[in-house]
file final-v9.cif (mmCIF, C-alpha atoms and all ligand atoms)
data_input
loop_
_atom_site.label_atom_id
_atom_site.label_comp_id
_atom_site.auth_asym_id
_atom_site.auth_seq_id
_atom_site.Cartn_x
_atom_site.Cartn_y
_atom_site.Cartn_z
CA MET A 1 25.23 -25.02 -2.44
CA LYS A 2 21.73 -24.05 -3.48
CA PRO A 3 20.45 -20.72 -2.10
CA LYS A 4 18.15 -21.16 0.89
CA VAL A 5 14.75 -19.67 0.12
CA ALA A 6 11.85 -18.84 2.41
CA VAL A 7 8.36 -17.56 1.60
CA PHE A 8 6.47 -15.73 4.34
CA ASP A 9 2.87 -14.56 4.50
CA PHE A 10 1.60 -11.45 6.24
CA THR A 11 -1.78 -9.68 5.78
CA CYS A 12 -3.02 -10.87 2.40
CA CYS A 13 -5.02 -13.54 0.59
CA GLU A 14 -1.83 -15.61 -0.01
CA GLY A 15 -2.62 -15.64 -3.73
CA CYS A 16 0.91 -14.56 -4.65
CA GLU A 17 2.44 -17.51 -2.80
CA LEU A 18 -0.02 -19.73 -4.59
CA GLN A 19 1.33 -18.37 -7.87
CA ILE A 20 4.75 -19.79 -6.92
CA LEU A 21 3.21 -23.20 -6.29
CA ASN A 22 1.29 -22.84 -9.53
CA CYS A 23 4.55 -22.72 -11.53
CA GLU A 24 3.86 -26.36 -12.31
CA GLU A 25 5.98 -26.70 -15.45
CA GLU A 26 8.96 -24.96 -13.83
CA LEU A 27 8.56 -26.44 -10.33
CA ALA A 28 11.08 -29.26 -10.84
CA ASP A 29 13.71 -26.80 -12.13
CA LEU A 30 12.93 -24.40 -9.28
CA LEU A 31 13.41 -27.17 -6.73
CA SER A 32 16.68 -28.26 -8.31
CA ALA A 33 18.02 -24.67 -8.25
CA LEU A 34 16.65 -23.49 -4.89
CA ASP A 35 16.55 -25.01 -1.43
CA PHE A 36 13.13 -24.07 -0.02
CA VAL A 37 13.67 -24.06 3.75
CA GLU A 38 10.45 -22.39 4.93
CA PHE A 39 7.15 -21.92 3.10
CA ARG A 40 4.06 -22.34 5.28
CA GLU A 41 1.72 -22.87 2.33
CA ALA A 42 3.80 -25.80 1.10
CA MET A 43 5.81 -27.39 3.93
CA THR A 44 6.12 -27.69 7.71
CA GLU A 45 9.91 -27.23 8.13
CA LYS A 46 11.35 -23.95 9.39
CA ALA A 47 14.83 -22.41 9.23
CA ASP A 48 16.92 -19.71 10.91
CA TYR A 49 18.71 -18.26 7.88
CA TYR A 50 17.62 -17.47 4.32
CA ASP A 51 19.52 -16.29 1.26
CA ILE A 52 16.25 -14.96 -0.17
CA ALA A 53 13.11 -14.21 1.84
CA PHE A 54 10.05 -13.59 -0.32
CA ILE A 55 7.36 -11.67 1.58
CA ASP A 56 3.70 -11.96 0.62
CA GLY A 57 1.31 -9.47 2.26
CA ALA A 58 1.17 -6.10 3.92
CA CYS A 59 2.04 -5.25 7.49
CA SER A 60 -1.07 -4.45 9.53
CA ARG A 61 -0.26 -5.48 13.11
CA LYS A 62 2.46 -4.47 15.55
CA SER A 63 3.48 -8.13 15.78
CA GLU A 64 3.95 -8.17 12.01
CA MET A 65 6.35 -5.23 12.23
CA ALA A 66 8.47 -7.14 14.73
CA ARG A 67 8.31 -10.30 12.61
CA LEU A 68 9.42 -8.41 9.49
CA LYS A 69 12.39 -6.93 11.35
CA ASP A 70 13.33 -10.38 12.58
CA ILE A 71 13.17 -11.82 9.06
CA ARG A 72 15.32 -8.94 7.78
CA LYS A 73 18.03 -9.85 10.34
CA ARG A 74 18.07 -13.46 9.16
CA ALA A 75 17.88 -12.86 5.38
CA ARG A 76 20.55 -11.87 2.89
CA MET A 77 17.91 -10.60 0.42
CA VAL A 78 14.30 -9.59 1.12
CA ILE A 79 11.91 -9.42 -1.82
CA PRO A 80 8.25 -8.38 -1.39
CA ILE A 81 5.93 -10.18 -3.82
CA GLY A 82 2.55 -8.82 -4.91
CA ALA A 83 0.62 -5.60 -4.47
CA CYS A 84 -0.03 -6.16 -0.75
CA ALA A 85 3.67 -6.45 0.07
CA CYS A 86 4.99 -3.96 -2.51
CA MET A 87 2.48 -1.12 -2.08
CA GLY A 88 0.14 -2.17 0.73
CA GLY A 89 -2.49 -2.97 -1.91
CA VAL A 90 -6.15 -3.23 -1.01
CA ASN A 91 -5.25 -3.53 2.69
CA CYS A 92 -4.55 0.20 2.78
CA LEU A 93 -8.19 1.07 2.09
CA LYS A 94 -8.82 0.58 5.80
CA ASN A 95 -6.40 3.43 6.57
CA TYR A 96 -9.16 5.91 5.68
CA TYR A 97 -11.06 4.86 8.82
CA PRO A 98 -10.26 4.91 12.54
CA MET A 99 -8.72 1.56 13.51
CA ASP A 100 -11.30 0.86 16.26
CA GLU A 101 -14.07 1.29 13.66
CA VAL A 102 -12.25 -1.11 11.32
CA LEU A 103 -12.01 -3.72 14.07
CA ARG A 104 -15.66 -3.30 15.05
CA SER A 105 -16.88 -3.66 11.48
CA GLU A 106 -14.84 -6.84 11.00
CA TYR A 107 -15.15 -8.57 14.38
CA GLY A 108 -18.25 -6.99 15.94
CA GLU A 109 -18.46 -7.54 19.70
CA LYS A 110 -15.24 -9.62 19.61
CA ALA A 111 -13.23 -6.59 18.37
CA GLU A 112 -11.52 -6.15 21.74
CA TYR A 113 -9.65 -9.44 21.24
CA TYR A 114 -7.85 -8.16 18.13
CA GLU A 115 -5.35 -5.43 17.37
CA THR A 116 -4.60 -3.65 14.13
CA ILE A 117 -2.57 -0.68 12.88
CA PRO A 118 -2.80 1.25 9.59
CA ALA A 119 -1.61 -1.10 6.83
CA ARG A 120 1.76 -0.44 5.25
CA HIS A 121 3.96 -2.00 2.58
CA VAL A 122 7.06 -4.00 3.50
CA SER A 123 9.57 -1.30 2.51
CA ALA A 124 7.88 1.10 4.95
CA VAL A 125 9.13 -1.19 7.74
CA ILE A 126 12.42 -2.72 6.56
CA PRO A 127 14.84 -2.18 3.65
CA VAL A 128 14.11 -4.44 0.68
CA ASP A 129 16.35 -5.59 -2.16
CA PHE A 130 13.86 -5.79 -5.03
CA PHE A 131 10.12 -6.18 -5.51
CA ILE A 132 7.83 -8.25 -7.73
CA PRO A 133 4.53 -6.39 -8.27
CA GLY A 134 1.05 -7.58 -9.28
CA CYS A 135 -2.21 -8.86 -7.82
CA PRO A 136 -1.31 -11.61 -8.11
CA ILE A 137 2.32 -11.75 -9.28
CA VAL A 138 2.89 -13.03 -12.80
CA LYS A 139 4.44 -16.51 -12.69
CA LYS A 140 6.98 -15.90 -15.41
CA ASP A 141 8.03 -12.65 -13.70
CA PHE A 142 8.84 -14.66 -10.57
CA ILE A 143 10.82 -17.25 -12.55
CA ARG A 144 12.74 -14.53 -14.42
CA VAL A 145 13.69 -12.72 -11.21
CA VAL A 146 14.93 -15.99 -9.67
CA GLN A 147 16.94 -16.76 -12.82
CA GLU A 148 18.55 -13.30 -12.80
CA ILE A 149 19.46 -13.56 -9.11
CA LEU A 150 20.96 -17.03 -9.68
CA ALA A 151 23.00 -15.57 -12.55
CA GLY A 152 24.33 -12.91 -10.18
CA ARG A 153 22.51 -10.02 -11.83
CA ILE A 154 20.28 -7.32 -10.37
CA PRO A 155 16.88 -8.25 -11.83
CA TYR A 156 15.35 -5.97 -14.43
CA GLN A 157 12.38 -3.97 -13.19
CA TYR A 158 9.78 -3.28 -15.86
CA ASN A 159 9.03 0.46 -15.97
CA ASP A 160 7.01 1.03 -19.14
CA PRO A 161 3.29 1.64 -18.66
CA VAL A 162 0.71 -1.07 -19.35
CA CYS A 163 -0.26 0.89 -22.50
CA ALA A 164 2.97 -0.25 -24.20
CA GLU A 165 2.07 -3.94 -23.89
CA CYS A 166 -1.58 -3.18 -24.59
CA LYS A 167 -0.59 -1.78 -28.00
CA VAL A 168 1.66 -4.79 -28.70
CA ALA A 169 -1.31 -7.05 -27.85
CA GLY A 170 -3.34 -5.23 -30.52
CA ASN A 171 -6.12 -4.12 -28.16
CA VAL A 172 -8.47 -1.28 -28.97
CA CYS A 173 -8.03 1.28 -26.20
CA VAL A 174 -10.90 1.06 -23.72
CA PHE A 175 -11.24 4.86 -23.73
CA GLU A 176 -12.41 4.43 -27.34
CA LYS A 177 -15.18 2.19 -25.99
CA GLY A 178 -16.37 4.61 -23.31
CA MET A 179 -14.49 2.94 -20.44
CA THR A 180 -11.59 4.22 -18.34
CA CYS A 181 -8.22 2.76 -17.47
CA LEU A 182 -5.10 3.33 -15.34
CA GLY A 183 -2.82 1.77 -17.97
CA PRO A 184 -0.98 5.02 -18.85
CA ILE A 185 0.52 5.34 -15.36
CA THR A 186 0.68 1.69 -14.25
CA ARG A 187 3.84 -0.43 -14.32
CA GLY A 188 3.58 -3.00 -17.11
CA GLY A 189 4.93 -6.53 -17.16
CA CYS A 190 1.53 -8.24 -17.10
CA GLU A 191 1.11 -8.13 -20.90
CA ALA A 192 -1.99 -5.97 -20.37
CA THR A 193 -3.82 -9.12 -19.42
CA CYS A 194 -6.96 -7.41 -18.06
CA ILE A 195 -7.54 -5.31 -21.17
CA THR A 196 -6.93 -8.30 -23.45
CA GLY A 197 -9.46 -10.18 -21.34
CA GLY A 198 -12.11 -7.48 -21.85
CA ALA A 199 -11.66 -5.49 -18.62
CA VAL A 200 -9.63 -2.37 -17.77
CA CYS A 201 -6.42 -1.74 -15.82
CA TRP A 202 -7.00 -0.98 -12.13
CA GLY A 203 -3.35 -0.36 -11.36
CA CYS A 204 -2.50 -3.57 -9.49
CA ARG A 205 1.21 -3.40 -10.39
CA GLY A 206 1.60 0.08 -8.91
CA PHE A 207 2.58 3.23 -10.71
CA ILE A 208 5.62 3.59 -12.96
CA ASP A 209 8.56 5.53 -11.52
CA LYS A 210 7.52 8.89 -12.96
CA PRO A 211 3.76 8.69 -13.60
CA ASN A 212 2.11 11.68 -15.22
CA ILE A 213 -0.64 11.83 -12.61
CA ILE A 214 -1.96 15.20 -13.78
CA ALA A 215 -2.48 13.98 -17.36
CA GLU A 216 -4.12 10.74 -16.14
CA LYS A 217 -6.52 12.69 -13.92
CA LEU A 218 -7.34 14.94 -16.85
CA ILE A 219 -8.21 12.08 -19.21
CA LEU A 220 -10.31 10.39 -16.51
CA GLU A 221 -12.10 13.68 -15.94
CA GLN A 222 -12.67 14.12 -19.68
CA ALA A 223 -14.07 10.57 -19.75
CA GLY A 224 -16.69 11.66 -17.23
CA LEU A 225 -15.33 10.46 -13.87
CA SER A 226 -15.97 12.65 -10.83
CA VAL A 227 -13.16 13.71 -8.49
CA GLU A 228 -14.37 11.10 -5.99
CA GLU A 229 -14.42 8.34 -8.62
CA ILE A 230 -10.91 9.27 -9.77
CA SER A 231 -9.67 9.17 -6.20
CA LYS A 232 -11.24 5.74 -5.66
CA ARG A 233 -9.68 4.47 -8.86
CA PHE A 234 -6.20 5.74 -7.92
CA ASN A 235 -6.40 4.39 -4.39
CA LEU A 236 -7.73 0.89 -4.91
CA PHE A 237 -4.22 -0.60 -4.94
CA ASN A 238 -2.10 2.45 -4.22
CA ALA A 239 -3.69 4.08 -1.17
CA CYS A 240 -0.59 3.87 1.01
CA LYS A 241 2.31 4.04 -1.33
CA ASP A 242 4.68 6.69 0.05
CA ARG A 243 2.07 7.88 2.51
CA ILE A 244 3.20 6.12 5.68
S1 LIG B 1 -1.32 -9.02 -4.07
FE1 LIG B 1 -3.38 -9.76 -4.54
S2 LIG B 1 -3.14 -11.97 -4.93
FE2 LIG B 1 -1.26 -11.22 -3.90
S3 LIG B 1 -1.67 -11.64 -1.75
FE3 LIG B 1 -2.29 -9.51 -2.14
S4 LIG B 1 -4.50 -9.64 -2.59
FE4 LIG B 1 -3.66 -11.72 -2.76
S1 LIG B 2 -6.80 0.28 -22.84
FE1 LIG B 2 -5.70 1.13 -21.09
S2 LIG B 2 -3.68 0.16 -21.23
FE2 LIG B 2 -4.66 -0.09 -23.21
S3 LIG B 2 -3.95 1.66 -24.41
FE3 LIG B 2 -5.92 2.22 -23.50
S4 LIG B 2 -5.35 3.27 -21.61
FE4 LIG B 2 -3.55 2.12 -22.28
S1 LIG B 3 -3.72 -4.76 -16.62
FE1 LIG B 3 -3.47 -3.48 -14.79
S2 LIG B 3 -4.84 -4.39 -13.27
FE2 LIG B 3 -4.52 -5.91 -14.90
S3 LIG B 3 -2.79 -7.17 -14.25
FE3 LIG B 3 -1.96 -5.53 -15.51
S4 LIG B 3 -1.43 -3.92 -14.05
FE4 LIG B 3 -2.81 -5.30 -12.99
#

call {"tool": "encode", "arguments": {"input": "final-v9.cif", "output": "structure tokens"}}
result
Amino acid sequence: MKPKVAVFDFTCCEGCELQILNCEEELADLLSALDFVEFREAMTEKADYYDIAFIDGACSRKSEMARLKDIRKRARMVIPIGACACMGGVNCLKNYYPMDEVLRSEYGEKAEYYETIPARHVSAVIPVDFFIPGCPIVKKDFIRVVQEILAGRIPYQYNDPVCAECKVAGNVCVFEKGMTCLGPITRGGCEATCITGGAVCWGCRGFIDKPNIIAEKLILEQAGLSVEEISKRFNLFNACKDRI
């Protein structure tokens, strides 16, 4: 029997689900190993039970809290995918403002028809079994996690900082070029793709388990960033991790 798999979307851009559908070369193998029973972005069928429920998106409505709890009851494993689901991601930036102000700025005079609560990551609402970070997730990370689960193993969670892969990629550190970067404290596994592509790391995979925050703040300060700029940099993807 193939494991029954569902993919659910909450508050997000759905880009991480799209990454699953974008696994074009591996899609046939995925479909022969997994029984997708619910996946709104790809099919209309629904199911009552799932061996693995992948969750894309943060929780930002009361109804989403109830829905998450319901999914947890029906699923053997729950795995958040992407920054929104794993850490709250960019959704948590709204938590700095009163919720009625957030609604007004988004919906104007129609604000009264909507409800919202401070955004939170999935594990702030229900227990989870693993997580796949990134904005968006890395396709081969998703495939690897599925393979490890199918083999009966607890998947490996990458915990070296982005700097490790950045060095392997042969990049010149952006600090040497007058730019700044969150690579020293950010969970790798993306092959330092942004730095290789000419940008910097903004921390989309969340922080490593024991980040040296003090040292990172110090090097950002030495590079000329103000306290406010450092705070903005830290909070772009990580504003609600462990704060709700
Ligand atoms: S983590 Fe990024 S790509 Fe994934 S759903 Fe959230 S905003 Fe979209
Ligand atoms: S560019 Fe960023 S990720 Fe690469 S070595 Fe420098 S600080 Fe680390
Ligand atoms: S380099 Fe940083 S921002 Fe870019 S994908 Fe990797 S973790 Fe995310």

call {"tool": "residues_near_ligand", "arguments": {"input": "final-v9.cif", "ligand": "ligand LIG 1 (chain B)", "cutoff": "8 Å", "atoms": "only C-alpha atoms and all ligand atoms", "output": "list in words"}}
result
Thr11, Cys12, Cys13, Glu14, Gly15, Cys16, Glu17, Asp56, Gly57, Ala58, Ile81, Gly82, Ala83, Cys84, Ala85, Gly89, Val90, Pro133, Gly134, Cys135, Pro136, Ile137 and Cys204 of chain A

call {"tool": "axis_aligned_box", "arguments": {"input": "final-v9.cif", "around": "range 24-34 of chain A", "padding_each_side": "4 Å", "output": "lines of an AutoDock Vina configuration file"}}
result
center_x = 10.9
center_y = -26.4
center_z = -10.2
size_x = 22.2
size_y = 13.8
size_z = 18.6

call {"tool": "atom_distance", "arguments": {"input": "final-v9.cif", "atom1": "CA of Ala66 in chain A", "atom2": "CA of Val125 in chain A"}}
result
9.2 Å

call {"tool": "residues_near_ligand", "arguments": {"input": "final-v9.cif", "ligand": "ligand LIG 2 (chain B)", "cutoff": "8 Å", "atoms": "all atoms listed in the file", "output": "short mmCIF file (atom, residue, chain, number, x, y, z; two decimals) with C-alpha atoms, in the coordinates of the input"}}
result
data_model
loop_
_atom_site.label_atom_id
_atom_site.label_comp_id
_atom_site.auth_asym_id
_atom_site.auth_seq_id
_atom_site.Cartn_x
_atom_site.Cartn_y
_atom_site.Cartn_z
CA PRO A 161 3.29 1.64 -18.66
CA VAL A 162 0.71 -1.07 -19.35
CA CYS A 163 -0.26 0.89 -22.50
CA ALA A 164 2.97 -0.25 -24.20
CA GLU A 165 2.07 -3.94 -23.89
CA CYS A 166 -1.58 -3.18 -24.59
CA LYS A 167 -0.59 -1.78 -28.00
CA ASN A 171 -6.12 -4.12 -28.16
CA VAL A 172 -8.47 -1.28 -28.97
CA CYS A 173 -8.03 1.28 -26.20
CA VAL A 174 -10.90 1.06 -23.72
CA PHE A 175 -11.24 4.86 -23.73
CA GLU A 176 -12.41 4.43 -27.34
CA THR A 180 -11.59 4.22 -18.34
CA CYS A 181 -8.22 2.76 -17.47
CA LEU A 182 -5.10 3.33 -15.34
CA GLY A 183 -2.82 1.77 -17.97
CA PRO A 184 -0.98 5.02 -18.85
CA ALA A 192 -1.99 -5.97 -20.37
CA ILE A 195 -7.54 -5.31 -21.17
CA VAL A 200 -9.63 -2.37 -17.77
CA CYS A 201 -6.42 -1.74 -15.82
#

call {"tool": "closest_residue", "arguments": {"input": "final-v9.cif", "among": "A:Ser123, A:Asn159, A:Thr196, A:Thr116", "to": "ligand LIG 3 (chain B)", "atoms": "all atoms listed in the file"}}
result
A:Thr196

call {"tool": "atom_distance", "arguments": {"input": "final-v9.cif", "atom1": "CA of Pro118 in chain A", "atom2": "CA of Asn91 in chain A"}}
result
8.7 Å

call {"tool": "residues_around", "arguments": {"input": "final-v9.cif", "residues": "range 27-43 of chain A", "least_positions_apart": "6", "cutoff": "7 Å", "atoms": "all atoms listed in the file", "output": "PDB file with C-alpha atoms, in the coordinates of the input"}}
result
ATOM      1  CA  LYS A   2      21.730 -24.050  -3.480  1.00  0.00           C
ATOM      2  CA  PRO A   3      20.450 -20.720  -2.100  1.00  0.00           C
ATOM      3  CA  LYS A   4      18.150 -21.160   0.890  1.00  0.00           C
ATOM      4  CA  VAL A   5      14.750 -19.670   0.120  1.00  0.00           C
ATOM      5  CA  ALA A   6      11.850 -18.840   2.410  1.00  0.00           C
ATOM      6  CA  VAL A   7       8.360 -17.560   1.600  1.00  0.00           C
ATOM      7  CA  PHE A   8       6.470 -15.730   4.340  1.00  0.00           C
TER       8      PHE A   8
END

call {"tool": "residues_around", "arguments": {"input": "final-v9.cif", "residues": "Leu68 in chain A", "least_positions_apart": "6", "cutoff": "12 Å", "atoms": "all atoms listed in the file", "output": "PyMOL selection string"}}
result
chain A and resi 8-11+53-62+74-75+78-80+85+120-128

call {"tool": "residues_near_point", "arguments": {"input": "final-v9.cif", "point": "(-13.6, -2.8, -23.8)", "cutoff": "7 Å", "atoms": "all atoms listed in the file", "output": "list in words"}}
result
Val174, Lys177, Met179, Gly198 and Ala199 of chain A

call {"tool": "residues_around", "arguments": {"input": "final-v9.cif", "residues": "Asp100 in chain A", "least_positions_apart": "3", "cutoff": "10 Å", "atoms": "all atoms listed in the file", "output": "list in words"}}
result
Tyr97, Leu103, Arg104, Ser105, Glu106, Ala111, Glu112, Tyr114, Glu115, Thr116 and Ile117 of chain A

call {"tool": "write_last_selection", "arguments": {"input": "final-v9.cif", "atoms": "C-alpha atoms", "output": "tab-separated table (two decimals), in the frame of the given file"}}
result
chain	number	residue	atom	x	y	z
A	97	TYR	CA	-11.06	4.86	8.82
A	103	LEU	CA	-12.01	-3.72	14.07
A	104	ARG	CA	-15.66	-3.30	15.05
A	105	SER	CA	-16.88	-3.66	11.48
A	106	GLU	CA	-14.84	-6.84	11.00
A	111	ALA	CA	-13.23	-6.59	18.37
A	112	GLU	CA	-11.52	-6.15	21.74
A	114	TYR	CA	-7.85	-8.16	18.13
A	115	GLU	CA	-5.35	-5.43	17.37
A	116	THR	CA	-4.60	-3.65	14.13
A	117	ILE	CA	-2.57	-0.68	12.88

call {"tool": "atom_distance", "arguments": {"input": "final-v9.cif", "atom1": "CA of Phe131 in chain A", "atom2": "CA of Cys194 in chain A"}}
result
21.2 Å

call {"tool": "decode", "arguments": {"input": "final-v9.cif", "residues": "range 196-225 of chain A", "atoms": "N, CA and C atoms", "output": "PDB file, in the first residue's frame"}}
result
ATOM      1  N   THR A 196      25.485  32.720  -4.683  1.00  0.00           N
ATOM      2  CA  THR A 196      26.021  32.282  -5.983  1.00  0.00           C
ATOM      3  C   THR A 196      25.376  33.078  -7.114  1.00  0.00           C
ATOM      4  N   GLY A 197      24.117  33.452  -6.909  1.00  0.00           N
ATOM      5  CA  GLY A 197      23.397  34.207  -7.941  1.00  0.00           C
ATOM      6  C   GLY A 197      23.640  35.707  -7.865  1.00  0.00           C
ATOM      7  N   GLY A 198      24.525  36.143  -6.960  1.00  0.00           N
ATOM      8  CA  GLY A 198      24.882  37.571  -6.915  1.00  0.00           C
ATOM      9  C   GLY A 198      24.138  38.366  -5.858  1.00  0.00           C
ATOM     10  N   ALA A 199      23.317  37.709  -5.043  1.00  0.00           N
ATOM     11  CA  ALA A 199      22.592  38.434  -3.982  1.00  0.00           C
ATOM     12  C   ALA A 199      23.208  38.087  -2.618  1.00  0.00           C
ATOM     13  N   VAL A 200      22.431  38.238  -1.564  1.00  0.00           N
ATOM     14  CA  VAL A 200      22.910  37.918  -0.213  1.00  0.00           C
ATOM     15  C   VAL A 200      21.880  36.983   0.430  1.00  0.00           C
ATOM     16  N   CYS A 201      22.241  36.414   1.592  1.00  0.00           N
ATOM     17  CA  CYS A 201      21.291  35.553   2.289  1.00  0.00           C
ATOM     18  C   CYS A 201      20.417  36.397   3.211  1.00  0.00           C
ATOM     19  N   TRP A 202      19.102  36.233   3.070  1.00  0.00           N
ATOM     20  CA  TRP A 202      18.136  36.961   3.900  1.00  0.00           C
ATOM     21  C   TRP A 202      17.540  36.064   4.981  1.00  0.00           C
ATOM     22  N   GLY A 203      18.040  34.848   5.087  1.00  0.00           N
ATOM     23  CA  GLY A 203      17.605  33.995   6.191  1.00  0.00           C
ATOM     24  C   GLY A 203      16.325  33.226   5.967  1.00  0.00           C
ATOM     25  N   CYS A 204      16.002  32.907   4.697  1.00  0.00           N
ATOM     26  CA  CYS A 204      14.688  32.297   4.428  1.00  0.00           C
ATOM     27  C   CYS A 204      14.548  30.881   4.963  1.00  0.00           C
ATOM     28  N   ARG A 205      15.651  30.220   5.295  1.00  0.00           N
ATOM     29  CA  ARG A 205      15.545  28.845   5.819  1.00  0.00           C
ATOM     30  C   ARG A 205      15.539  28.826   7.349  1.00  0.00           C
ATOM     31  N   GLY A 206      15.449  29.998   7.957  1.00  0.00           N
ATOM     32  CA  GLY A 206      15.425  30.055   9.414  1.00  0.00           C
ATOM     33  C   GLY A 206      16.830  29.930   9.986  1.00  0.00           C
ATOM     34  N   PHE A 207      16.920  30.134  11.280  1.00  0.00           N
ATOM     35  CA  PHE A 207      18.240  30.086  11.911  1.00  0.00           C
ATOM     36  C   PHE A 207      18.629  28.646  12.236  1.00  0.00           C
ATOM     37  N   ILE A 208      19.935  28.397  12.294  1.00  0.00           N
ATOM     38  CA  ILE A 208      20.428  27.088  12.739  1.00  0.00           C
ATOM     39  C   ILE A 208      20.052  26.890  14.213  1.00  0.00           C
ATOM     40  N   ASP A 209      20.244  25.688  14.726  1.00  0.00           N
ATOM     41  CA  ASP A 209      19.760  25.388  16.078  1.00  0.00           C
ATOM     42  C   ASP A 209      20.404  26.261  17.158  1.00  0.00           C
ATOM     43  N   LYS A 210      21.701  26.543  17.018  1.00  0.00           N
ATOM     44  CA  LYS A 210      22.338  27.390  18.032  1.00  0.00           C
ATOM     45  C   LYS A 210      23.042  28.562  17.346  1.00  0.00           C
ATOM     46  N   PRO A 211      22.275  29.507  16.829  1.00  0.00           N
ATOM     47  CA  PRO A 211      22.905  30.629  16.097  1.00  0.00           C
ATOM     48  C   PRO A 211      23.640  31.558  17.050  1.00  0.00           C
ATOM     49  N   ASN A 212      24.792  32.039  16.598  1.00  0.00           N
ATOM     50  CA  ASN A 212      25.520  33.019  17.417  1.00  0.00           C
ATOM     51  C   ASN A 212      25.001  34.415  17.031  1.00  0.00           C
ATOM     52  N   ILE A 213      23.858  34.751  17.605  1.00  0.00           N
ATOM     53  CA  ILE A 213      23.172  35.999  17.260  1.00  0.00           C
ATOM     54  C   ILE A 213      24.034  37.211  17.609  1.00  0.00           C
ATOM     55  N   ILE A 214      24.705  37.135  18.756  1.00  0.00           N
ATOM     56  CA  ILE A 214      25.506  38.294  19.199  1.00  0.00           C
ATOM     57  C   ILE A 214      26.612  38.586  18.190  1.00  0.00           C
ATOM     58  N   ALA A 215      27.300  37.524  17.741  1.00  0.00           N
ATOM     59  CA  ALA A 215      28.392  37.726  16.773  1.00  0.00           C
ATOM     60  C   ALA A 215      27.842  38.243  15.442  1.00  0.00           C
ATOM     61  N   GLU A 216      26.686  37.726  15.009  1.00  0.00           N
ATOM     62  CA  GLU A 216      26.100  38.182  13.739  1.00  0.00           C
ATOM     63  C   GLU A 216      25.727  39.665  13.833  1.00  0.00           C
ATOM     64  N   LYS A 217      25.125  40.046  14.965  1.00  0.00           N
ATOM     65  CA  LYS A 217      24.767  41.462  15.131  1.00  0.00           C
ATOM     66  C   LYS A 217      26.022  42.327  15.067  1.00  0.00           C
ATOM     67  N   LEU A 218      27.080  41.837  15.700  1.00  0.00           N
ATOM     68  CA  LEU A 218      28.331  42.598  15.739  1.00  0.00           C
ATOM     69  C   LEU A 218      28.901  42.805  14.336  1.00  0.00           C
ATOM     70  N   ILE A 219      28.908  41.730  13.515  1.00  0.00           N
ATOM     71  CA  ILE A 219      29.495  41.921  12.177  1.00  0.00           C
ATOM     72  C   ILE A 219      28.595  42.791  11.293  1.00  0.00           C
ATOM     73  N   LEU A 220      27.288  42.744  11.529  1.00  0.00           N
ATOM     74  CA  LEU A 220      26.389  43.614  10.756  1.00  0.00           C
ATOM     75  C   LEU A 220      26.597  45.070  11.170  1.00  0.00           C
ATOM     76  N   GLU A 221      26.810  45.249  12.467  1.00  0.00           N
ATOM     77  CA  GLU A 221      27.074  46.599  12.996  1.00  0.00           C
ATOM     78  C   GLU A 221      28.383  47.145  12.428  1.00  0.00           C
ATOM     79  N   GLN A 222      29.414  46.270  12.446  1.00  0.00           N
ATOM     80  CA  GLN A 222      30.725  46.684  11.912  1.00  0.00           C
ATOM     81  C   GLN A 222      30.638  46.989  10.417  1.00  0.00           C
ATOM     82  N   ALA A 223      29.688  46.339   9.735  1.00  0.00           N
ATOM     83  CA  ALA A 223      29.520  46.591   8.296  1.00  0.00           C
ATOM     84  C   ALA A 223      28.700  47.851   8.040  1.00  0.00           C
ATOM     85  N   GLY A 224      28.255  48.500   9.114  1.00  0.00           N
ATOM     86  CA  GLY A 224      27.596  49.799   8.958  1.00  0.00           C
ATOM     87  C   GLY A 224      26.089  49.794   9.106  1.00  0.00           C
ATOM     88  N   LEU A 225      25.479  48.658   9.457  1.00  0.00           N
ATOM     89  CA  LEU A 225      24.017  48.641   9.596  1.00  0.00           C
ATOM     90  C   LEU A 225      23.601  49.226  10.944  1.00  0.00           C
TER      91      LEU A 225
END
